[in-house]
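Student: This is run_6.pdb (PDB, C-alpha atoms, pLDDT in the B column).
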```
ATOM      1  CA  MET A   1      11.445  15.302   7.110  1.00 84.00           C
ATOM      2  CA  VAL A   2      13.830  17.212   4.839  1.00 88.00           C
ATOM      3  CA  LYS A   3      12.215  19.113   1.942  1.00 88.00           C
ATOM      4  CA  THR A   4      13.999  18.596  -1.378  1.00 87.00           C
ATOM      5  CA  HIS A   5      13.285  18.964  -5.087  1.00 85.00           C
ATOM      6  CA  GLY A   6      13.116  15.147  -5.162  1.00 82.00           C
ATOM      7  CA  LEU A   7      15.524  12.727  -6.769  1.00 84.00           C
ATOM      8  CA  THR A   8      17.379  15.070  -9.093  1.00 86.00           C
ATOM      9  CA  HIS A   9      20.583  13.487 -10.183  1.00 86.00           C
ATOM     10  CA  ILE A  10      22.536  10.390 -10.911  1.00 88.00           C
ATOM     11  CA  ALA A  11      26.297  10.041 -11.204  1.00 89.00           C
ATOM     12  CA  LEU A  12      27.494   7.509 -13.754  1.00 87.00           C
ATOM     13  CA  ALA A  13      30.890   5.864 -13.899  1.00 87.00           C
ATOM     14  CA  VAL A  14      32.129   6.436 -17.468  1.00 89.00           C
ATOM     15  CA  LYS A  15      35.279   5.855 -19.510  1.00 87.00           C
ATOM     16  CA  ASP A  16      35.365   9.346 -21.004  1.00 90.00           C
ATOM     17  CA  PRO A  17      33.293  12.151 -19.421  1.00 92.00           C
ATOM     18  CA  ALA A  18      33.561  14.370 -22.513  1.00 92.00           C
ATOM     19  CA  ARG A  19      32.305  11.572 -24.766  1.00 90.00           C
ATOM     20  CA  SER A  20      29.382  10.905 -22.432  1.00 90.00           C
ATOM     21  CA  LEU A  21      28.543  14.602 -22.339  1.00 91.00           C
ATOM     22  CA  ALA A  22      28.522  14.746 -26.142  1.00 90.00           C
ATOM     23  CA  PHE A  23      26.197  11.735 -26.310  1.00 86.00           C
ATOM     24  CA  TYR A  24      23.685  13.137 -23.819  1.00 89.00           C
ATOM     25  CA  GLN A  25      23.876  16.575 -25.435  1.00 91.00           C
ATOM     26  CA  ARG A  26      22.775  14.971 -28.671  1.00 91.00           C
ATOM     27  CA  VAL A  27      20.127  12.762 -27.102  1.00 77.00           C
ATOM     28  CA  LEU A  28      18.663  15.002 -24.380  1.00 79.00           C
ATOM     29  CA  GLY A  29      20.101  18.449 -25.007  1.00 87.00           C
ATOM     30  CA  VAL A  30      21.975  18.543 -21.700  1.00 90.00           C
ATOM     31  CA  VAL A  31      24.199  21.531 -20.997  1.00 94.00           C
ATOM     32  CA  PRO A  32      27.463  21.298 -19.006  1.00 96.00           C
ATOM     33  CA  VAL A  33      27.446  23.413 -15.844  1.00 94.00           C
ATOM     34  CA  TYR A  34      30.694  22.200 -14.177  1.00 93.00           C
ATOM     35  CA  ARG A  35      33.577  20.189 -15.570  1.00 93.00           C
ATOM     36  CA  ASP A  36      37.156  19.064 -15.166  1.00 92.00           C
ATOM     37  CA  ASP A  37      39.224  16.263 -16.763  1.00 90.00           C
ATOM     38  CA  ASN A  38      37.546  13.485 -14.766  1.00 93.00           C
ATOM     39  CA  PHE A  39      34.107  14.926 -14.133  1.00 92.00           C
ATOM     40  CA  VAL A  40      31.256  16.647 -15.991  1.00 95.00           C
ATOM     41  CA  GLN A  41      28.014  17.824 -14.434  1.00 95.00           C
ATOM     42  CA  ALA A  42      25.228  18.534 -16.914  1.00 94.00           C
ATOM     43  CA  GLN A  43      21.614  19.636 -16.705  1.00 92.00           C
ATOM     44  CA  THR A  44      18.642  19.495 -19.007  1.00 82.00           C
ATOM     45  CA  PRO A  45      17.567  23.111 -19.634  1.00 84.00           C
ATOM     46  CA  GLY A  46      14.414  24.053 -17.772  1.00 82.00           C
ATOM     47  CA  SER A  47      14.699  21.291 -15.191  1.00 81.00           C
ATOM     48  CA  ARG A  48      16.537  20.541 -11.979  1.00 84.00           C
ATOM     49  CA  ASP A  49      17.833  17.177 -13.121  1.00 87.00           C
ATOM     50  CA  VAL A  50      21.571  16.611 -13.103  1.00 91.00           C
ATOM     51  CA  LEU A  51      23.598  13.984 -14.936  1.00 88.00           C
ATOM     52  CA  VAL A  52      27.118  13.542 -13.606  1.00 92.00           C
ATOM     53  CA  PHE A  53      29.727  11.694 -15.638  1.00 90.00           C
ATOM     54  CA  GLU A  54      32.647  10.545 -13.459  1.00 91.00           C
ATOM     55  CA  ARG A  55      35.676   8.827 -14.954  1.00 91.00           C
ATOM     56  CA  GLY A  56      35.942   5.530 -13.104  1.00 84.00           C
ATOM     57  CA  ARG A  57      35.737   1.792 -12.877  1.00 78.00           C
ATOM     58  CA  GLY A  58      32.564  -0.016 -13.715  1.00 76.00           C
ATOM     59  CA  ALA A  59      31.828   2.147 -16.730  1.00 77.00           C
ATOM     60  CA  GLY A  60      28.975   0.691 -18.710  1.00 72.00           C
ATOM     61  CA  LYS A  61      28.575  -2.259 -16.376  1.00 72.00           C
ATOM     62  CA  ARG A  62      25.658  -3.026 -14.203  1.00 69.00           C
ATOM     63  CA  GLY A  63      26.394  -1.397 -10.886  1.00 76.00           C
ATOM     64  CA  GLY A  64      28.220   1.524 -12.508  1.00 73.00           C
ATOM     65  CA  VAL A  65      26.155   4.120 -10.643  1.00 80.00           C
ATOM     66  CA  ALA A  66      28.525   6.106  -8.418  1.00 84.00           C
ATOM     67  CA  HIS A  67      25.813   7.817  -6.313  1.00 88.00           C
ATOM     68  CA  PHE A  68      22.450   9.526  -6.509  1.00 85.00           C
ATOM     69  CA  GLY A  69      21.348  12.750  -4.908  1.00 87.00           C
ATOM     70  CA  PHE A  70      18.602  14.954  -3.608  1.00 85.00           C
ATOM     71  CA  ARG A  71      18.847  18.713  -4.058  1.00 87.00           C
ATOM     72  CA  LEU A  72      17.807  20.859  -1.113  1.00 88.00           C
ATOM     73  CA  THR A  73      15.465  23.796  -1.536  1.00 87.00           C
ATOM     74  CA  LYS A  74      17.368  25.854   1.091  1.00 92.00           C
ATOM     75  CA  PRO A  75      21.064  25.617   2.040  1.00 96.00           C
ATOM     76  CA  ALA A  76      20.348  25.895   5.780  1.00 95.00           C
ATOM     77  CA  ASP A  77      18.485  22.573   5.639  1.00 93.00           C
ATOM     78  CA  ILE A  78      21.797  20.681   5.444  1.00 95.00           C
ATOM     79  CA  ALA A  79      21.900  20.683   9.269  1.00 95.00           C
ATOM     80  CA  GLU A  80      18.487  19.019   9.423  1.00 92.00           C
ATOM     81  CA  ALA A  81      19.616  16.514   6.803  1.00 93.00           C
ATOM     82  CA  LEU A  82      22.658  15.524   8.887  1.00 94.00           C
ATOM     83  CA  VAL A  83      20.457  14.937  11.926  1.00 92.00           C
ATOM     84  CA  ALA A  84      17.925  12.935   9.908  1.00 91.00           C
ATOM     85  CA  ILE A  85      20.613  10.762   8.280  1.00 93.00           C
ATOM     86  CA  LYS A  86      22.175   9.869  11.616  1.00 91.00           C
ATOM     87  CA  ALA A  87      18.788   9.278  13.250  1.00 89.00           C
ATOM     88  CA  ALA A  88      17.817   6.904  10.446  1.00 86.00           C
ATOM     89  CA  GLY A  89      21.027   4.892  10.825  1.00 87.00           C
ATOM     90  CA  GLY A  90      22.925   6.294   7.853  1.00 89.00           C
ATOM     91  CA  LYS A  91      26.710   6.614   7.893  1.00 92.00           C
ATOM     92  CA  ILE A  92      28.112  10.061   7.039  1.00 95.00           C
ATOM     93  CA  ARG A  93      30.928   9.740   4.483  1.00 96.00           C
ATOM     94  CA  SER A  94      31.748  13.417   4.011  1.00 97.00           C
ATOM     95  CA  THR A  95      30.246  16.843   4.474  1.00 98.00           C
ATOM     96  CA  GLY A  96      31.294  20.360   3.583  1.00 97.00           C
ATOM     97  CA  GLU A  97      30.774  22.902   0.819  1.00 97.00           C
ATOM     98  CA  PHE A  98      31.555  22.492  -2.867  1.00 94.00           C
ATOM     99  CA  ILE A  99      31.876  26.265  -3.066  1.00 93.00           C
ATOM    100  CA  PRO A 100      30.723  28.867  -0.527  1.00 95.00           C
ATOM    101  CA  GLY A 101      26.956  28.584  -0.190  1.00 96.00           C
ATOM    102  CA  GLU A 102      26.693  25.049  -1.610  1.00 96.00           C
ATOM    103  CA  PRO A 103      26.702  22.657   1.366  1.00 97.00           C
ATOM    104  CA  TYR A 104      26.636  18.895   0.864  1.00 97.00           C
ATOM    105  CA  VAL A 105      26.661  15.587   2.674  1.00 94.00           C
ATOM    106  CA  PHE A 106      27.506  12.191   1.231  1.00 95.00           C
ATOM    107  CA  PHE A 107      26.302   9.221   3.248  1.00 90.00           C
ATOM    108  CA  SER A 108      25.675   5.507   3.018  1.00 88.00           C
ATOM    109  CA  ASP A 109      22.193   4.086   3.260  1.00 87.00           C
ATOM    110  CA  PRO A 110      21.593   0.767   5.057  1.00 79.00           C
ATOM    111  CA  ASP A 111      22.421  -1.198   1.906  1.00 73.00           C
ATOM    112  CA  GLY A 112      25.653   0.709   1.364  1.00 82.00           C
ATOM    113  CA  TYR A 113      24.462   2.905  -1.513  1.00 82.00           C
ATOM    114  CA  GLU A 114      26.171   6.280  -1.625  1.00 89.00           C
ATOM    115  CA  VAL A 115      23.637   9.103  -1.489  1.00 89.00           C
ATOM    116  CA  GLU A 116      24.155  12.853  -1.620  1.00 92.00           C
ATOM    117  CA  ILE A 117      22.024  15.662  -0.243  1.00 91.00           C
ATOM    118  CA  TRP A 118      23.154  19.109  -1.302  1.00 93.00           C
ATOM    119  CA  TYR A 119      22.120  22.635  -2.070  1.00 95.00           C
ATOM    120  CA  GLU A 120      23.139  24.136  -5.369  1.00 92.00           C
ATOM    121  CA  ILE A 121      23.014  27.803  -6.216  1.00 92.00           C
ATOM    122  CA  PRO A 122      20.584  28.065  -9.142  1.00 89.00           C
ATOM    123  CA  THR A 123      22.255  27.620 -12.507  1.00 86.00           C
ATOM    124  CA  PRO A 124      21.297  29.345 -15.771  1.00 86.00           C
ATOM    125  CA  VAL A 125      19.413  26.228 -16.937  1.00 84.00           C
ATOM    126  CA  ASP A 126      17.303  25.744 -13.782  1.00 84.00           C
ATOM    127  CA  PRO A 127      13.594  26.305 -14.233  1.00 82.00           C
ATOM    128  CA  PRO A 128      12.316  29.678 -13.079  1.00 80.00           C
ATOM    129  CA  ALA A 129      10.937  29.785  -9.553  1.00 72.00           C
ATOM    130  CA  ARG A 130       7.286  28.864  -9.548  1.00 64.00           C
ATOM    131  CA  ARG A 131       4.599  29.999  -7.222  1.00 53.00           C
ATOM    132  CA  ALA A 132       2.451  27.258  -5.793  1.00 48.00           C
ATOM    133  CA  LYS A 133      -1.019  27.148  -7.251  1.00 52.00           C
ATOM    134  CA  ALA A 134      -3.973  25.986  -5.275  1.00 45.00           C
ATOM    135  CA  ALA A 135      -5.401  22.765  -6.597  1.00 47.00           C
ATOM    136  CA  PRO A 136      -8.944  23.078  -7.869  1.00 49.00           C
ATOM    137  CA  ARG A 137     -11.456  21.567  -5.498  1.00 42.00           C
ATOM    138  CA  ARG A 138     -13.477  18.717  -6.844  1.00 47.00           C
ATOM    139  CA  ARG A 139     -16.753  17.558  -5.525  1.00 44.00           C
ATOM    140  CA  ILE A 140     -16.649  14.011  -4.267  1.00 43.00           C
ATOM    141  CA  SER A 141     -19.833  12.133  -4.909  1.00 41.00           C
ATOM    142  CA  GLN A 142     -21.026   9.705  -2.329  1.00 44.00           C
ATOM    143  CA  ARG A 143     -22.261   6.349  -3.553  1.00 43.00           C
ATOM    144  CA  ARG A 144     -24.874   4.440  -1.680  1.00 39.00           C
TER     145      ARG A 144
END
```
Mind converting the file's structure to structure tokens?
Tutor:
Amino acid sequence: MVKTHGLTHIALAVKDPARSLAFYQRVLGVVPVYRDDNFVQAQTPGSRDVLVFERGRGAGKRGGVAHFGFRLTKPADIAEALVAIKAAGGKIRSTGEFIPGEPYVFFSDPDGYEVEIWYEIPTPVDPPARRAKAAPRRRISQRR
């Protein structure tokens, strides 16, 4: 099993990435972390969630989700992810690095959904690293 931060992003097909960014900035306070003319990646400060706005077909229509992704906790785990995807019957679409130190894999699940697993170097709006706290132990009463 690959350890991730959970489901952390969704990529939406949009007509105008800048317009979508402005909307979500106003609604959720997202901050752009990467952008070009056809693509904006934004995060909500203090979280690991990522909203991606990709210029493309299907904007605003049901089914307009381009892909969803899971962010790795360690970049070296991409190798384990590739093995797990293949073993589970997934089809690798592409793999590589966005920039040095940020490996990724895009793959298709059995229904054909495009999924991404990637590692991203922490951004300025990521939450600070947290130390795991032990859960308090609770006494379980036995009923008879």
Student: Identify all residues satisfying the PyMOL selection byres ((chain A and resi 51) around 6) in the given file; provide them as a PyMOL selection string.
Tutor: chain A and resi 9-10+41-42+50+52
Student: Which one is closest to Gly112 of chain A: A:Leu72, A:Val40, A:Ala66, A:Leu82? Count all atoms listed in the file.
Tutor: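 Closest to Gly112 of chain A of all the choices is A:Ala66.
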Student: Find the residues around Phe107 of chain A up to 7 Å (only C-alpha atoms counted), leave out those fewer than 3 positions away in its own chain, and share them as a PyMOL selection string.
Tutor: chain A and resi 90-94+114-116
Student: One decimal, in Å: what's the spacing between atom CA of Thr8 of chain A and atom CA of Phe39 of chain A?
Tutor: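 Distance between the two atoms: 17.5 Å.
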Student: Quick one, how far is atom CA of Asp36 of chain A from atom CA of Arg19 of chain A?
Tutor: 13.1 Å
Student: Rounded to one decimal in Å, what is the spacing between atom CA of Ala76 of chain A and atom CA of Met1 of chain A?
Tutor: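 We find that atom CA of Ala76 of chain A and atom CA of Met1 of chain A lie 13.9 Å from each other.
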Student: Select, from A:Val33, A:Leu28, A:Ala88, A:Phe23, the residue with the minimum atom-to-atom distance to Pro110 of chain A, counting only C-alpha atoms.
Tutor: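 Under the stated criterion, the closest residue is A:Ala88.
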Student: When distances are computed from only C-alpha atoms, which of A:His67, A:Ile117, A:Pro124, A:Leu7 shows the smallest separation from Gly96 of chain A?
Tutor: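 Residue with the minimum atom-to-atom distance to Gly96 of chain A: A:Ile117.
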Student: Give the answer as one residue: which of A:Val2, A:Val30, A:Ala87, A:Leu21 has the shortest atom-to-atom distance to Trp118 of chain A, using all atoms listed in the file?
Tutor: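 Checking each candidate against Trp118 of chain A, we get A:Val2 as the closest.
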Student: Tell me which of A:Pro103, A:Gly29, A:Pro75, A:Pro128 sits closest to Lys3 of chain A, counting all atoms listed in the file.
Tutor: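 For Lys3 of chain A, the nearest of the candidates is A:Pro75.
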Student: Let me make sure I understand: among A:Arg26, A:Asn38, A:Val31, A:Phe106, which one has the smallest atom-to-atom distance to Arg57 of chain A if we use only C-alpha atoms?
Tutor: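 With only C-alpha atoms as the atom set, the closest residue is A:Asn38.
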Student: Please complete segment 33-48 of chain A so it has N, CA and C atoms, and hand it over as a PDB file, in the coordinates of the input.
Tutor:
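Saved file out03.pdb follows:
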```pdb
ATOM      1  N   VAL A  33      27.433  22.294 -16.788  1.00 94.00           N
ATOM      2  CA  VAL A  33      27.446  23.413 -15.844  1.00 94.00           C
ATOM      3  C   VAL A  33      28.721  23.436 -15.013  1.00 94.00           C
ATOM      4  N   TYR A  34      29.385  22.295 -14.839  1.00 93.00           N
ATOM      5  CA  TYR A  34      30.694  22.200 -14.177  1.00 93.00           C
ATOM      6  C   TYR A  34      31.467  21.093 -14.871  1.00 93.00           C
ATOM      7  N   ARG A  35      32.788  21.257 -14.954  1.00 93.00           N
ATOM      8  CA  ARG A  35      33.577  20.189 -15.570  1.00 93.00           C
ATOM      9  C   ARG A  35      35.037  20.301 -15.182  1.00 93.00           C
ATOM     10  N   ASP A  36      35.703  19.138 -15.213  1.00 92.00           N
ATOM     11  CA  ASP A  36      37.156  19.064 -15.166  1.00 92.00           C
ATOM     12  C   ASP A  36      37.533  17.814 -15.965  1.00 92.00           C
ATOM     13  N   ASP A  37      38.795  17.387 -15.922  1.00 90.00           N
ATOM     14  CA  ASP A  37      39.224  16.263 -16.763  1.00 90.00           C
ATOM     15  C   ASP A  37      38.519  14.955 -16.439  1.00 90.00           C
ATOM     16  N   ASN A  38      38.119  14.759 -15.186  1.00 93.00           N
ATOM     17  CA  ASN A  38      37.546  13.485 -14.766  1.00 93.00           C
ATOM     18  C   ASN A  38      36.074  13.565 -14.377  1.00 93.00           C
ATOM     19  N   PHE A  39      35.443  14.692 -14.659  1.00 92.00           N
ATOM     20  CA  PHE A  39      34.107  14.926 -14.133  1.00 92.00           C
ATOM     21  C   PHE A  39      33.376  15.949 -14.987  1.00 92.00           C
ATOM     22  N   VAL A  40      32.122  15.660 -15.332  1.00 95.00           N
ATOM     23  CA  VAL A  40      31.256  16.647 -15.991  1.00 95.00           C
ATOM     24  C   VAL A  40      29.901  16.576 -15.313  1.00 95.00           C
ATOM     25  N   GLN A  41      29.377  17.738 -14.944  1.00 95.00           N
ATOM     26  CA  GLN A  41      28.014  17.824 -14.434  1.00 95.00           C
ATOM     27  C   GLN A  41      27.196  18.558 -15.482  1.00 95.00           C
ATOM     28  N   ALA A  42      26.080  17.954 -15.878  1.00 94.00           N
ATOM     29  CA  ALA A  42      25.228  18.534 -16.914  1.00 94.00           C
ATOM     30  C   ALA A  42      23.783  18.591 -16.434  1.00 94.00           C
ATOM     31  N   GLN A  43      23.030  19.512 -17.007  1.00 92.00           N
ATOM     32  CA  GLN A  43      21.614  19.636 -16.705  1.00 92.00           C
ATOM     33  C   GLN A  43      20.826  19.721 -17.993  1.00 92.00           C
ATOM     34  N   THR A  44      19.571  19.304 -17.906  1.00 82.00           N
ATOM     35  CA  THR A  44      18.642  19.495 -19.007  1.00 82.00           C
ATOM     36  C   THR A  44      18.020  20.869 -18.813  1.00 82.00           C
ATOM     37  N   PRO A  45      18.132  21.767 -19.797  1.00 84.00           N
ATOM     38  CA  PRO A  45      17.567  23.111 -19.634  1.00 84.00           C
ATOM     39  C   PRO A  45      16.099  23.079 -19.213  1.00 84.00           C
ATOM     40  N   GLY A  46      15.777  23.950 -18.254  1.00 82.00           N
ATOM     41  CA  GLY A  46      14.414  24.053 -17.772  1.00 82.00           C
ATOM     42  C   GLY A  46      14.037  23.061 -16.700  1.00 82.00           C
ATOM     43  N   SER A  47      14.998  22.272 -16.234  1.00 81.00           N
ATOM     44  CA  SER A  47      14.699  21.291 -15.191  1.00 81.00           C
ATOM     45  C   SER A  47      15.744  21.383 -14.091  1.00 81.00           C
ATOM     46  N   ARG A  48      15.557  20.613 -13.058  1.00 84.00           N
ATOM     47  CA  ARG A  48      16.537  20.541 -11.979  1.00 84.00           C
ATOM     48  C   ARG A  48      17.329  19.240 -12.041  1.00 84.00           C
TER      49      ARG A  48
END
```
